[in-house]
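The structure under discussion appears below in the form of structure tokens.
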Amino acid sequence: IESVCRAVCVLPYPDIQFPIVTSFIASPVTLMSTAGILFLWGSSGTGKSQIATVASELYKTTSVLANSTFASLRNKIQHERFYDPLQCEFEKNFILVWEDITPSLLIENENMLSLFKVLNRKNSRITISSQTPGTNMIFNAFALKVINSIHPLWTFWELNELKRRMFPIWFKKRETMTSEEYRGNSYELSDLNDVEDITLDKLSSQLEIFWRNIDNCNQYSKVKKQLQKHKKDIINARLSSEIIVTHSLIYQLSINESIKRFNDYWDFVNEKILTISSGTEQFLDSFITQSIEAKMKQNNQAINAGCPELTEVVTDIDPKALKEAIERAKTDGYLDSRVNVSELTNLMKNRGYNMINQNGKNVWKHII
């Protein structure tokens, strides 16, 4: 599964992130008491849908589109969670994959949000009004969930409860990755496969057979019990523990080693992902791209006019122009008002830029 994921996209810090993606997707929800959310986050065209498709294909399901109704999500869970959906009997391993989430989709629909807030099996029943006056419908929303979005959902206070239920996975355009971020990826961008060209039927069957094997199920339960003694050593133990069990089994690692891998992941999340405010990454990438395109155009005009001495380094960024653009974006409501100079400096450095003084003028210089 990890090999397939690595073949269809590149991720920053791949050796930290890909094993988390793999362990989550491969986890047996039928044996679990908590089921979180794998949140694929990043700008458009970075491979989020490729990983989402891997997850859905492995469970022979389809991705849910952003405009789907609560009723369609409810029906999908009820129908695909059981081998006998009419009697709600014989639970099977299942993942709900929902693409292109927007914050408003969850904030403005209480039922949608309640579905994604379900974490514990014991508290997974959702009560909603039925079409018959005075009666309610109850359905069980317990399921592993994979969602993707260009929006960092954790920055919206209305969605704060989802933050404690999600494994954020950071996607980023290859051209904006630093060498440190890119190191460890198996493929260059031009060598990646489209998931639609990969047949996953055999792998899907192998995954189903693996968790139908009673020895594997018993081993999962055994490791799960052993992990209870280590809870104090686990970051986000409530959310992570059962995915750690899967990681230990499929990678054939000791419990302590798997705990360390997940703790390293959460340190990475807290340092590199959760520090980013709403829209900042997308805004910065867009600003840099537009700045480079504008300077390339100016340089061509200067050369055509016979004035090559007027050309500029296209990757140089004017700090003053960037600051003014940020203030306009804040005023227009595109950027979160919490974006500050320190955060922006870190994001620029993450993109390989350093602030230097050039002929008495500060400039963001891209260091190769």
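Residue names in the structure tokens use chain letters A, B, ... in the order shown, residue numbers from 1 in each chain, and ligand numbers from 1 in the order shown.
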
Would you kindly return, as a PyMOL selection string, each protein, DNA or RNA residue with an atom no farther than 10 Å from any atom of His366 in chain A, considering only C-alpha atoms and excluding same-chain residues fewer than 5 positions away? chain A and resi 313-317+348-349+351-355

Can you pull out the residues contacting range 248-255 of chain A? Cut-off 10 Å, using only C-alpha atoms, and skip same-chain residues under 2 positions away; I want them as a VMD selection string. chain A and resid 19 22 to 23 26 to 27 210 216 219 to 220 223 to 224 226 to 227 230 242 to 246 257 to 261

Find the residues of range 114-203 of chain A that sit at most 8 Å from range 273-296 of chain A; for each, write down the nearest two atoms and how far apart they are in Å, to one decimal. Count only C-alpha atoms. Sort by chain, then by number going up, and give it as CSV.
```
residue,atom,partner,partner_atom,distance
A:His151,CA,A:Gly279,CA,6.7
A:Pro152,CA,A:Ser278,CA,5.8
A:Leu153,CA,A:Ser278,CA,7.8
A:Trp154,CA,A:Leu274,CA,7.4
A:Thr155,CA,A:Ser278,CA,5.8
A:Phe156,CA,A:Ser278,CA,7.8
A:Pro168,CA,A:Ile273,CA,7.6
A:Trp170,CA,A:Ile273,CA,6.9
A:Thr176,CA,A:Asp285,CA,7.6
```

Taking the DSSP assignment computed from this structure's backbone, write out as a VMD selection string all residues of range 74-289 of chain A that belong to strand (DSSP E). chain A and resid 82 to 84 89 to 91 95 to 98 125 to 129 136 to 140 144 to 149 166 to 170

DSSP says helix (DSSP H, G or I) for which residues of range 98-251 of chain A? Put them as JSON, numbers by chain? {"A": [103, 104, 105, 106, 107, 110, 111, 112, 113, 114, 115, 116, 117, 121, 122, 123, 153, 154, 155, 157, 158, 159, 160, 161, 162, 163, 174, 175, 176, 179, 180, 181, 182, 189, 190, 191, 195, 196, 197, 201, 202, 203, 204, 205, 206, 207, 208, 209, 210, 211, 212, 214, 215, 216, 217, 218, 219, 220, 221, 222, 223, 224, 225, 226, 227, 228, 229, 230, 231, 232, 233, 237, 238, 239, 240, 241, 242, 243, 244, 245, 246, 247, 248, 249, 250]}

Determine, for each residue of range 160-269 of chain A having at least one atom at most 9 Å from an atom of range 115-124 of chain A, the closest pair of atoms and their separation in Å to one decimal, counting only C-alpha atoms; order by chain and ascending number, as CSV.
```
residue,atom,partner,partner_atom,distance
A:Glu161,CA,A:Lys117,CA,7.0
A:Leu162,CA,A:Lys117,CA,6.1
A:Arg165,CA,A:Leu119,CA,6.9
A:Leu239,CA,A:Leu119,CA,8.3
```

Report the distance between CA of Arg125 in chain A and CA of Met137 in chain A in Å, rounded to one decimal place. 10.0 Å

Ala71 in chain A environment, 12 Å, only C-alpha atoms, sequence neighbours closer than 6 positions dropped, as a list in words: Val64, Ile77, Gln78, His79, Asn109, Asn111, Met112, Leu115, Ile128, Ser129, Ser130, Met137, Phe139 and Ala141 of chain A

Keeping only N, CA, C and O atoms, take the residues you just selected and write them out as a PDB file, in the first residue's frame.
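Saved as again20.pdb:
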```pdb
ATOM      1  N   VAL A  64     -17.032  10.137  -2.066  1.00  0.00           N
ATOM      2  CA  VAL A  64     -18.210  10.992  -1.981  1.00  0.00           C
ATOM      3  C   VAL A  64     -17.805  12.392  -2.416  1.00  0.00           C
ATOM      4  O   VAL A  64     -16.751  12.892  -2.020  1.00  0.00           O
ATOM      5  N   ILE A  77     -22.806   4.934   4.485  1.00  0.00           N
ATOM      6  CA  ILE A  77     -22.230   4.260   5.653  1.00  0.00           C
ATOM      7  C   ILE A  77     -23.058   3.036   6.016  1.00  0.00           C
ATOM      8  O   ILE A  77     -22.523   1.941   6.234  1.00  0.00           O
ATOM      9  N   GLN A  78     -24.370   3.207   6.080  1.00  0.00           N
ATOM     10  CA  GLN A  78     -25.241   2.103   6.454  1.00  0.00           C
ATOM     11  C   GLN A  78     -25.155   0.944   5.465  1.00  0.00           C
ATOM     12  O   GLN A  78     -25.163  -0.224   5.844  1.00  0.00           O
ATOM     13  N   HIS A  79     -25.072   1.275   4.185  1.00  0.00           N
ATOM     14  CA  HIS A  79     -25.093   0.244   3.153  1.00  0.00           C
ATOM     15  C   HIS A  79     -23.752  -0.491   3.047  1.00  0.00           C
ATOM     16  O   HIS A  79     -23.723  -1.714   2.849  1.00  0.00           O
ATOM     17  N   ASN A 109     -23.903  22.927   8.432  1.00  0.00           N
ATOM     18  CA  ASN A 109     -24.750  21.737   8.477  1.00  0.00           C
ATOM     19  C   ASN A 109     -24.425  20.937   9.734  1.00  0.00           C
ATOM     20  O   ASN A 109     -23.430  20.214   9.791  1.00  0.00           O
ATOM     21  N   ASN A 111     -25.785  18.356  11.070  1.00  0.00           N
ATOM     22  CA  ASN A 111     -25.782  16.906  10.914  1.00  0.00           C
ATOM     23  C   ASN A 111     -24.473  16.407  10.306  1.00  0.00           C
ATOM     24  O   ASN A 111     -23.924  15.388  10.732  1.00  0.00           O
ATOM     25  N   MET A 112     -23.985  17.128   9.293  1.00  0.00           N
ATOM     26  CA  MET A 112     -22.710  16.762   8.673  1.00  0.00           C
ATOM     27  C   MET A 112     -21.594  16.785   9.699  1.00  0.00           C
ATOM     28  O   MET A 112     -20.783  15.865   9.795  1.00  0.00           O
ATOM     29  N   LEU A 115     -21.655  13.948  12.167  1.00  0.00           N
ATOM     30  CA  LEU A 115     -21.183  12.696  11.576  1.00  0.00           C
ATOM     31  C   LEU A 115     -19.663  12.586  11.683  1.00  0.00           C
ATOM     32  O   LEU A 115     -19.116  11.527  12.006  1.00  0.00           O
ATOM     33  N   ILE A 128     -31.483  11.886  14.292  1.00  0.00           N
ATOM     34  CA  ILE A 128     -31.926  12.978  13.416  1.00  0.00           C
ATOM     35  C   ILE A 128     -33.439  12.895  13.244  1.00  0.00           C
ATOM     36  O   ILE A 128     -34.047  11.841  13.448  1.00  0.00           O
ATOM     37  N   SER A 129     -34.027  14.003  12.888  1.00  0.00           N
ATOM     38  CA  SER A 129     -35.472  14.038  12.678  1.00  0.00           C
ATOM     39  C   SER A 129     -35.833  13.253  11.421  1.00  0.00           C
ATOM     40  O   SER A 129     -35.137  13.335  10.408  1.00  0.00           O
ATOM     41  N   SER A 130     -36.919  12.508  11.501  1.00  0.00           N
ATOM     42  CA  SER A 130     -37.384  11.762  10.335  1.00  0.00           C
ATOM     43  C   SER A 130     -38.491  12.542   9.648  1.00  0.00           C
ATOM     44  O   SER A 130     -38.949  13.579  10.141  1.00  0.00           O
ATOM     45  N   MET A 137     -34.904   9.344  13.633  1.00  0.00           N
ATOM     46  CA  MET A 137     -34.152   8.241  13.046  1.00  0.00           C
ATOM     47  C   MET A 137     -32.815   8.135  13.765  1.00  0.00           C
ATOM     48  O   MET A 137     -32.208   9.148  14.122  1.00  0.00           O
ATOM     49  N   PHE A 139     -28.992   6.288  13.459  1.00  0.00           N
ATOM     50  CA  PHE A 139     -28.093   5.447  12.675  1.00  0.00           C
ATOM     51  C   PHE A 139     -26.683   5.512  13.264  1.00  0.00           C
ATOM     52  O   PHE A 139     -26.313   6.457  13.958  1.00  0.00           O
ATOM     53  N   ALA A 141     -22.824   5.927  12.942  1.00  0.00           N
ATOM     54  CA  ALA A 141     -21.908   6.626  12.027  1.00  0.00           C
ATOM     55  C   ALA A 141     -20.458   6.220  12.224  1.00  0.00           C
ATOM     56  O   ALA A 141     -19.549   6.901  11.743  1.00  0.00           O
TER      57      ALA A 141
END
```

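Minimum atom-to-atom distances from A:Val8, A:Ile326, A:Met32, A:Ile101 to Ser241 in chain A were compared using only C-alpha atoms, and the lowest value belongs to A:Met32.
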
Can you tell me which residues surround Asp197 in chain A at a distance of at most 12 Å, considering only C-alpha atoms, apart from same-chain residues fewer than 5 positions away, and format the answer as a ChimeraX atom specification? /A:4,7-8,50,53-54,192

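For the pair CA of Glu196 in chain A and CA of Phe171 in chain A, the interatomic distance is 19.5 Å.
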
Min atom-atom distance to Phe90 in chain A from the set A:Asn160, A:Thr30, A:Ser114, A:Ser186, counting only C-alpha atoms, belongs to A:Thr30

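Of note, CA of Ile356 in chain A and CA of Glu324 in chain A are spaced 19.0 Å apart.
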
Contacts of Asn300 in chain A within 12 Å, only C-alpha atoms, excl. fewer than 6 positions in-chain, as a ChimeraX atom specification: /A:293-294,306-312,314
